[in-house]
Amino acid sequence: MIQLEKLNRNEAVRYLGGSGISLNYRMDRLMDECESKILESASPKYLYIEKDIKDFDLWQGKDIKNHLAGCEKVIVMCATVGAEVDRLIRINQISDMAKAVVLDSFASVAVEQVCSKFDDVIAEKYKGYYQTFRFSPGYGDYPIELQKSIISMLDAPRKIGLTVNENCLLIPTKSVTAVMGLSSNPIERKKRGCAICNMRDRCKFRRNGEHCGL
Amino acid sequence: MDFKRFLDSKEFVLLDGAMGTLIQKSGVNYESVPETLNITHPKLIESFHKAYADAGSDIVYSNTFGANAYKLKDSGYSVEQIIKSGISNAKNAVKGTDCLVALDIGPIGQLLEPAGSLSFDDAYEYFKEQIIAGNDADVIVFETMTDLYELKAAVLAAKENSSKPVIATMTFERNGRTFTGVSPAAQAVTLSGLGVDALGVNCSLGPDELEGVVSEISKYTDLPIVIKANAGLPDPNSNEYDILPDKFADCVLSLLKYGVKIIGGCCGTTPEYIKEIKKVLEHEHYQPQKKSVDTTVCSASTSVEINSPRIIGERINPTGKKLFKQALVDNNIDYILTQALSQTGAGAEILDVNVGHPEIDEKKMMVRVIKAIQSVCDAPLQIDSTKPDVLEAGLRYYNGKPIVNSVNGEEKSLSEVLPLVKKYGASVVGLTLDENGIPKTAEGRFEIAKRIVERAEKLGIDRRDVYIDCLTLTVSAEQDACRETLKALRRVKTELGCKTCLGVSNISFGLPNRELVNSTFLTMALEEGLDLPIINPNAEVMTGAVRAYRVLSGTDKNSLEFISAYGNAVKPAVKENTEVDIFTAVYNGLKSEGASITEKLLESTDAMQIVNEMLIPALDRVGDDFEKNKIFLPQLIQSANAAQECFEVIKKHISKTSGSPVSRGKIILATVKGDIHDIGKNIVKVLLDNYGYTVVDLGRDVDPQLIVDTAVEQNIKMIGLSALMTTTLKSMEDTIKLIRERKELQNPDGTSKCVVFVGGAVLTKDYAMKIGADYYCKDAKESVDTAKAVLG
């Protein structure tokens with residue numbers, strides 16, 4: 001199982017649109033408090049299955065074909081930081097909205113860190129394979145509806161309490177589904193641009209037609 | 001079938017093992033869901049049931065775990081087809097034996113409100129359909145549940161649509177909770193109350209790891225306990241489980257002391273396991289356990305045992321509270337939630353909820369408020385109304401075991417309220433009054449208490465779940481009455497063995513220094529045996545009296561609770577005499593400073609001058625700096641909150657001096673149907689509030705019709721909609737369409753009277769225009785600018 005010990009504060013600040021702002025004492029304290037609250041309430045879990053590329057059946061659109069080109073195996077995964085985090089954010093939306101947005105931001109950081117630890121788990125387990133980055137339903141032309149297929153393929157509601165509703169929203173909300181390719185030959189390093197950033201939907205830069213530069 | 005007799009006739013009842021494991025091992029392929037095999041491969045499924053019956057199962061579960069309308073949507077079969085064939089396969093397999101067939105029902109597969117978007121009523125309908133289709137089964141089983149609310153909907157659906165016995169099991173994680181945070185205690189207390197026949201654990205972990213959960217459950221129920229554990233953990237490569245039949249059976253033996261009577265296996269178990277369990281149980285005896293805790297109420301995550309004085313917070317009640325009444329009329333649920341959180345923060349362990357007000361639909365409001373409170377607050381609730389239909393609505397939608405407030409000695413009350421208490425498995429407050437009013441003497445009140453308890457017991461309500469209120473009268477009117485109340489309380493406690501509760505504050509009505517009288521009376525009552533003081537927990541001296549009493553009476557062992565409440569209390573630092581002006585306070589988000597400065601200013605400055613010349617410019621500066629990236633979102637919100645405090649002070653001042661407060665206009669906010677991400681909408685709300693607009697917040701996942709109706713009813717000209725997902729943009733479009741179509745919201749020439757502004761993650765300006773919005777706002781700040789442009 002994955003344990004989170006620390007959350008990347010710079011990322012949390014970046015999600016909040018605060019890159020480049022020097023935090024005052026009060027903000028610093030608020031960040032500390034929210035980080036430890038999220039660490040306390042997060043219960044990180046993930047599931048995955050490995051498929052031979054010829055058995056993989058979630059082909060829809062062009063982008064996934066590009067993404068998995070040259071791969072022999074496919075990892076289908078999902079991960080969540082659990083329901084308690086949602087609840088914590090919900091409560092704070094009543095009692096302290098500023099804290100709620102900071103918690104929300106750290107929760108996004110947390111699920112991203114769980115995913116990146118997951119990448120390490122796969123790298124460890126599939127030594128000798130190169131891995132693509134995680135490609136999620138909703139990226140490019142890969143239909144968001146496939147969240148449902150992934151959730152049911154992995155039996156995620158029963159095994160880790162991760163569900164998807166009729167509108168393809170993952171619940172608990174701080175969760176991810178994704179597909180990752182494995183190849184024994186080096187994979188052309190695709191740029192990790194906006195397409196796979198989990199801020200892509202609410203990024204200030206993108207909305208103004210800019211780019212954060214990461 | 002008399003299930004109790006069936007249970008009594010056997011030392012132990014053996015269930016079956018896993019169905020999925022056998023299906024997997026057989027290598028059979030199926031389309032969409034394994035339940036379709038009931039129709040495509042009936043003989044195969046029958047053979048699995050038969051293997052279990054042969055191995056010794058007394059009850060086999062039909063292959064219908066996921067046979068609900070949601071999961072079967074794409075299967076090509078109806079719920080009825082799958083379930084009827086599932087039951088019939090099982091019945092064929094056990095023909096000629098006394099093995100029973102259970103209709104097996106698992107979770108729907110969608111999360112219920114508040115975490116998810118499936119409503120309690122919709123969940124009920126899913127289960128109802130399954131239960132009716134499964135009419136040929138002998139028993140109804142709900143298993144692998146992780147959400148107590150979903151399970152409550154299921155049990156109610158079973159009880160209201162069939163007379164079959166019900167077994168209910170949930171799945172726990174290693175931390176002793178389910179995925180949604182349900183505790184074993186809450187499960188046991190709630191399900192026992194709802195009248196299931198047996199309860200326990202399935203799936204989860206191996207039997208070697210279940211002791212903690214099973215022992216906890218057994219403390220809270222008298223019912224036979226079920227275990228249907230996994231065969232340990234699966235190996236990720238081979239998918240083989242690591243606990244073999246003999247060890248599995250040994251683990252089962254070690255759990256018998258907790259009252260386990262009904263035993264089977266879940267994932268990874270096969271007929272071999274059932275055989276082995278049967279073998280080891282041959283010489284064992286069922287060891288029934290009586291619950292070892294006192295009467296307990298609970299939410300889904302928190303249980304409160306009434307074994308020492310527990311504070312019931314009285315603040316969620318409009319009586320005598322102008323702001324609260326206004327909040328009810330305005331549907332301002334957040335106001336009520338703030339009241340809930342501040343009371344639990346101050347030490348309330350149970351919250352009384354009363355929303356009776358002549359200008360609103362009390363029943364609807366009770367349901368809304370209960371759902372809202374349980375989404376943010378763990379404390380068990382006390383549902384308070386004079387109307388039985390309101391009580392029933394509250395009971396139905398409450399997640400856990402609540403208290404009903406109240407029943408009294410009148411025949412009408414007894415016959416209307418007690419059956420509800422029984423049906424929903426609640427506790428109840430019994431008021432010692434009847435047709436003739438409140439008896440003057442302790443004797444009279446005791447007699448009524450006795451009558452209430454007798455009637456409750458006749459219906460099968462445990463007397464420990466009846467909390468008698470001997471009624472506090474105003475001591476300034478009748479000085480002797482205090483003694484009578486306390487005398488009655490003592491008798492009820494010792495002679496009837498009931499718990500007692502008491503609203504305390506009435507005692508001091510008409511006297512000066514009421515708090516002193518209240519707290520002294522409270523201490524006297526506690527010493528007479530009061531269990532549930534109903535008080536204002538925010539009154540420090542009242543909460544303190546209860547805490548101190550717990551120490552002095554020896555219930556707060558080693559004064560731990562007391563020390564944790566007061567041990568770290570640092571004396572408030574002497575306020576540094578730093579001269580902060582209102583601008584600095586708002587800009588830096590200093591709430592209390594902002595409020596006190598505003599108060600001071602009001603002594604010498606006109607209220608509107610403070611607003612227009614100080615507060616608004618400060619907020620504008622914050623907004624500018626936010627746009628220029630000098631400060632970021634949390635700071636923007638903190639400033640808004642500080643400004644809010646200043647506005648509150650000013651509003652109070654204005655309403656004192658000149659009557660009605662000024663609003664710059666009403667705006668509806670809603671997150672559209674299907675979408676449950678509402679943090680963005682809530683940020684917008686905070687800002688609009690602070691610029692003096694009145695926000696009618698309809699929440700998230702909001703039906704378009706409700707938005708349009710509200711606009712018409714309250715004559716609102718500006719509507720803000722939010723959506724975060726591409727999948728819910730369609731509902732935004734539908735909502736706008738409905739707004740435009742509604743005649744009352746059109747000008748005589750057919751143009752729209754309503755200005756619609758939209759925002760949210762995936763929206764762009766172009767798209768917003770395309771779906772017919774008037775404004776696209778990229779963030780909360782732009783929403784305020786838009787409101788200014790439209791409403792002024």
# chains A, B, ... in the order shown; residues from 1 in each chain; ligands from 1
>>> residues_around(residues="B:Gly116", least_positions_apart="6", cutoff="10 Å", atoms="only C-alpha atoms", output="JSON, numbers by chain")
{"A": [83, 163, 164, 165, 169, 170, 171, 172, 173], "B": [110, 675, 676]}
>>> interface_residues(of="chain B", to="chain A", cutoff="8 Å", atoms="only C-alpha atoms", output="VMD selection string")
chain B and resid 109 to 111 115 to 117 144 146 179 to 181 334 337 to 338 341 375 to 377 629 to 635 637 to 638 674 to 675 679 682 to 683 686 724 to 725 727 to 728 760 to 762 764 778
>>> residues_around(residues="B:Val13", least_positions_apart="6", cutoff="8 Å", atoms="only C-alpha atoms", output="VMD selection string")
chain B and resid 7 57 to 59 261 to 263
>>> residues_around(residues="B:Ala55", least_positions_apart="6", cutoff="9 Å", atoms="only C-alpha atoms", output="count of residues only")
8
>>> residues_around(residues="B:Asn239", least_positions_apart="5", cutoff="12 Å", atoms="only C-alpha atoms", output="VMD selection string")
(chain A and resid 49) or (chain B and resid 21 24 to 25 231 to 234 267 to 268)
>>> closest_residue(among="B:Thr584, B:Asn331, B:Asn568, B:Thr735", to="B:Gln714", atoms="only C-alpha atoms")
B:Asn331
>>> atom_distance(atom1="atom CA of B:Asp434", atom2="atom CA of B:Gly409")
4.5 Å
>>> residues_around(residues="stretch 180-190 of chain A", least_positions_apart="2", cutoff="9 Å", atoms="only C-alpha atoms", output="number ranges by chain")
A: 53, 67-77, 126, 128-136, 178, 192-193
>>> select_by_dssp(residues="stretch 4-116 of chain A", states="alpha helix (DSSP H)", output="PyMOL selection string")
chain A and resi 9-15+25-41+62-68+83-95+97-116
>>> write_last_selection(atoms="C-alpha atoms", output="PDB file, in the first residue's frame")
ATOM      1  CA  ARG A   9       3.508  22.480  -1.238  1.00  0.00           C
ATOM      2  CA  ASN A  10       4.739  24.276  -4.336  1.00  0.00           C
ATOM      3  CA  GLU A  11       2.325  22.244  -6.399  1.00  0.00           C
ATOM      4  CA  ALA A  12      -0.536  23.111  -4.050  1.00  0.00           C
ATOM      5  CA  VAL A  13       0.296  26.790  -4.314  1.00  0.00           C
ATOM      6  CA  ARG A  14       0.535  26.482  -8.079  1.00  0.00           C
ATOM      7  CA  TYR A  15      -2.915  24.847  -8.251  1.00  0.00           C
ATOM      8  CA  TYR A  25       2.939  34.111   7.878  1.00  0.00           C
ATOM      9  CA  ARG A  26      -0.794  33.508   8.039  1.00  0.00           C
ATOM     10  CA  MET A  27      -0.855  31.801   4.649  1.00  0.00           C
ATOM     11  CA  ASP A  28       2.142  29.722   5.615  1.00  0.00           C
ATOM     12  CA  ARG A  29       0.366  28.481   8.720  1.00  0.00           C
ATOM     13  CA  LEU A  30      -2.781  27.762   6.727  1.00  0.00           C
ATOM     14  CA  MET A  31      -0.784  25.701   4.242  1.00  0.00           C
ATOM     15  CA  ASP A  32       0.857  23.733   7.081  1.00  0.00           C
ATOM     16  CA  GLU A  33      -2.438  23.003   8.719  1.00  0.00           C
ATOM     17  CA  CYS A  34      -4.136  21.916   5.509  1.00  0.00           C
ATOM     18  CA  GLU A  35      -1.253  19.704   4.479  1.00  0.00           C
ATOM     19  CA  SER A  36      -1.356  17.785   7.731  1.00  0.00           C
ATOM     20  CA  LYS A  37      -5.156  17.530   7.663  1.00  0.00           C
ATOM     21  CA  ILE A  38      -5.075  15.991   4.200  1.00  0.00           C
ATOM     22  CA  LEU A  39      -2.308  13.597   5.208  1.00  0.00           C
ATOM     23  CA  GLU A  40      -4.399  12.547   8.205  1.00  0.00           C
ATOM     24  CA  SER A  41      -7.592  11.950   6.301  1.00  0.00           C
ATOM     25  CA  LYS A  62      -6.827   8.199 -32.244  1.00  0.00           C
ATOM     26  CA  ASP A  63      -4.949   9.406 -29.214  1.00  0.00           C
ATOM     27  CA  ILE A  64      -4.926   6.148 -27.310  1.00  0.00           C
ATOM     28  CA  LYS A  65      -3.534   4.357 -30.368  1.00  0.00           C
ATOM     29  CA  ASN A  66      -0.715   6.870 -30.552  1.00  0.00           C
ATOM     30  CA  HIS A  67      -0.146   6.635 -26.870  1.00  0.00           C
ATOM     31  CA  LEU A  68       0.173   2.868 -26.809  1.00  0.00           C
ATOM     32  CA  ALA A  83     -13.995   9.492   0.842  1.00  0.00           C
ATOM     33  CA  GLU A  84     -12.834  11.133   4.055  1.00  0.00           C
ATOM     34  CA  VAL A  85     -10.967  13.782   2.079  1.00  0.00           C
ATOM     35  CA  ASP A  86     -14.150  14.796   0.262  1.00  0.00           C
ATOM     36  CA  ARG A  87     -15.920  15.041   3.559  1.00  0.00           C
ATOM     37  CA  LEU A  88     -13.214  17.188   5.062  1.00  0.00           C
ATOM     38  CA  ILE A  89     -13.418  19.613   2.151  1.00  0.00           C
ATOM     39  CA  ARG A  90     -17.208  19.647   2.341  1.00  0.00           C
ATOM     40  CA  ILE A  91     -17.194  20.521   6.046  1.00  0.00           C
ATOM     41  CA  ASN A  92     -14.742  23.325   5.549  1.00  0.00           C
ATOM     42  CA  GLN A  93     -16.839  24.813   2.783  1.00  0.00           C
ATOM     43  CA  ILE A  94     -19.311  25.569   5.552  1.00  0.00           C
ATOM     44  CA  SER A  95     -16.942  26.663   8.268  1.00  0.00           C
ATOM     45  CA  MET A  97     -14.004  28.622   2.673  1.00  0.00           C
ATOM     46  CA  ALA A  98     -10.389  29.745   2.442  1.00  0.00           C
ATOM     47  CA  LYS A  99      -9.284  26.610   4.198  1.00  0.00           C
ATOM     48  CA  ALA A 100     -11.558  24.564   1.944  1.00  0.00           C
ATOM     49  CA  VAL A 101      -9.835  25.718  -1.238  1.00  0.00           C
ATOM     50  CA  VAL A 102      -6.399  25.051   0.215  1.00  0.00           C
ATOM     51  CA  LEU A 103      -7.499  21.586   1.350  1.00  0.00           C
ATOM     52  CA  ASP A 104      -8.923  20.958  -2.086  1.00  0.00           C
ATOM     53  CA  SER A 105      -5.647  21.894  -3.636  1.00  0.00           C
ATOM     54  CA  PHE A 106      -3.606  19.650  -1.343  1.00  0.00           C
ATOM     55  CA  ALA A 107      -6.038  16.835  -2.036  1.00  0.00           C
ATOM     56  CA  SER A 108      -5.318  17.189  -5.756  1.00  0.00           C
ATOM     57  CA  VAL A 109      -1.621  17.119  -4.971  1.00  0.00           C
ATOM     58  CA  ALA A 110      -2.153  14.009  -2.846  1.00  0.00           C
ATOM     59  CA  VAL A 111      -3.864  12.011  -5.565  1.00  0.00           C
ATOM     60  CA  GLU A 112      -1.165  13.069  -8.019  1.00  0.00           C
ATOM     61  CA  GLN A 113       1.504  11.858  -5.611  1.00  0.00           C
ATOM     62  CA  VAL A 114      -0.305   8.561  -5.161  1.00  0.00           C
ATOM     63  CA  CYS A 115      -0.253   8.157  -8.933  1.00  0.00           C
ATOM     64  CA  SER A 116       3.394   8.967  -9.157  1.00  0.00           C
TER      65      SER A 116
END
>>> select_by_dssp(residues="stretch 380-440 of chain B", states="strand (DSSP E or B)", output="PyMOL selection string")
chain B and resi 381-384+401+403-408+427-431+434+437
>>> closest_residue(among="B:Glu528, B:Asp389, B:Glu447, B:Glu540", to="B:Gln343", atoms="only C-alpha atoms")
B:Glu540
>>> residues_around(residues="B:Gly665", least_positions_apart="2", cutoff="8 Å", atoms="only C-alpha atoms", output="PDB file with all heavy atoms, in the first residue's frame")
ATOM      1  N   SER B 663     -30.024  45.419   0.437  1.00  0.00           N
ATOM      2  CA  SER B 663     -29.402  44.411  -0.396  1.00  0.00           C
ATOM      3  C   SER B 663     -29.237  45.008  -1.774  1.00  0.00           C
ATOM      4  O   SER B 663     -30.069  45.783  -2.228  1.00  0.00           O
ATOM      5  CB  SER B 663     -30.287  43.169  -0.467  1.00  0.00           C
ATOM      6  OG  SER B 663     -29.899  42.369  -1.570  1.00  0.00           O
ATOM      7  N   ILE B 667     -29.517  37.119  -6.266  1.00  0.00           N
ATOM      8  CA  ILE B 667     -28.919  36.311  -7.322  1.00  0.00           C
ATOM      9  C   ILE B 667     -29.059  34.828  -6.955  1.00  0.00           C
ATOM     10  O   ILE B 667     -28.788  34.438  -5.821  1.00  0.00           O
ATOM     11  CB  ILE B 667     -27.414  36.638  -7.481  1.00  0.00           C
ATOM     12  CG1 ILE B 667     -27.222  38.125  -7.796  1.00  0.00           C
ATOM     13  CG2 ILE B 667     -26.793  35.765  -8.559  1.00  0.00           C
ATOM     14  CD1 ILE B 667     -25.767  38.565  -7.801  1.00  0.00           C
ATOM     15  N   GLY B 692     -22.550  42.575  -0.907  1.00  0.00           N
ATOM     16  CA  GLY B 692     -23.870  43.040  -0.515  1.00  0.00           C
ATOM     17  C   GLY B 692     -25.020  42.474  -1.327  1.00  0.00           C
ATOM     18  O   GLY B 692     -26.152  42.922  -1.209  1.00  0.00           O
ATOM     19  N   TYR B 693     -24.739  41.475  -2.159  1.00  0.00           N
ATOM     20  CA  TYR B 693     -25.828  40.838  -2.893  1.00  0.00           C
ATOM     21  C   TYR B 693     -26.425  39.726  -2.037  1.00  0.00           C
ATOM     22  O   TYR B 693     -25.746  39.124  -1.224  1.00  0.00           O
ATOM     23  CB  TYR B 693     -25.313  40.258  -4.220  1.00  0.00           C
ATOM     24  CG  TYR B 693     -24.740  41.316  -5.123  1.00  0.00           C
ATOM     25  CD1 TYR B 693     -23.367  41.521  -5.201  1.00  0.00           C
ATOM     26  CD2 TYR B 693     -25.589  42.145  -5.867  1.00  0.00           C
ATOM     27  CE1 TYR B 693     -22.836  42.521  -5.994  1.00  0.00           C
ATOM     28  CE2 TYR B 693     -25.066  43.144  -6.668  1.00  0.00           C
ATOM     29  CZ  TYR B 693     -23.691  43.328  -6.730  1.00  0.00           C
ATOM     30  OH  TYR B 693     -23.184  44.326  -7.504  1.00  0.00           O
ATOM     31  N   THR B 694     -27.710  39.483  -2.228  1.00  0.00           N
ATOM     32  CA  THR B 694     -28.356  38.402  -1.512  1.00  0.00           C
ATOM     33  C   THR B 694     -28.329  37.161  -2.403  1.00  0.00           C
ATOM     34  O   THR B 694     -28.924  37.150  -3.471  1.00  0.00           O
ATOM     35  CB  THR B 694     -29.818  38.751  -1.196  1.00  0.00           C
ATOM     36  OG1 THR B 694     -29.824  39.989  -0.507  1.00  0.00           O
ATOM     37  CG2 THR B 694     -30.477  37.678  -0.357  1.00  0.00           C
ATOM     38  N   LEU B 791     -26.651  44.488 -11.836  1.00  0.00           N
ATOM     39  CA  LEU B 791     -27.554  44.920 -10.769  1.00  0.00           C
ATOM     40  C   LEU B 791     -27.147  46.262 -10.158  1.00  0.00           C
ATOM     41  O   LEU B 791     -27.928  46.878  -9.457  1.00  0.00           O
ATOM     42  CB  LEU B 791     -27.606  43.870  -9.662  1.00  0.00           C
ATOM     43  CG  LEU B 791     -28.109  42.481 -10.078  1.00  0.00           C
ATOM     44  CD1 LEU B 791     -27.961  41.513  -8.925  1.00  0.00           C
ATOM     45  CD2 LEU B 791     -29.557  42.534 -10.533  1.00  0.00           C
TER      46      LEU B 791
END
>>> atom_distance(atom1="atom CA of B:Gly772", atom2="atom CA of B:Glu733")
7.4 Å
>>> atom_distance(atom1="atom CA of B:Val504", atom2="atom CA of B:Gly437")
19.2 Å
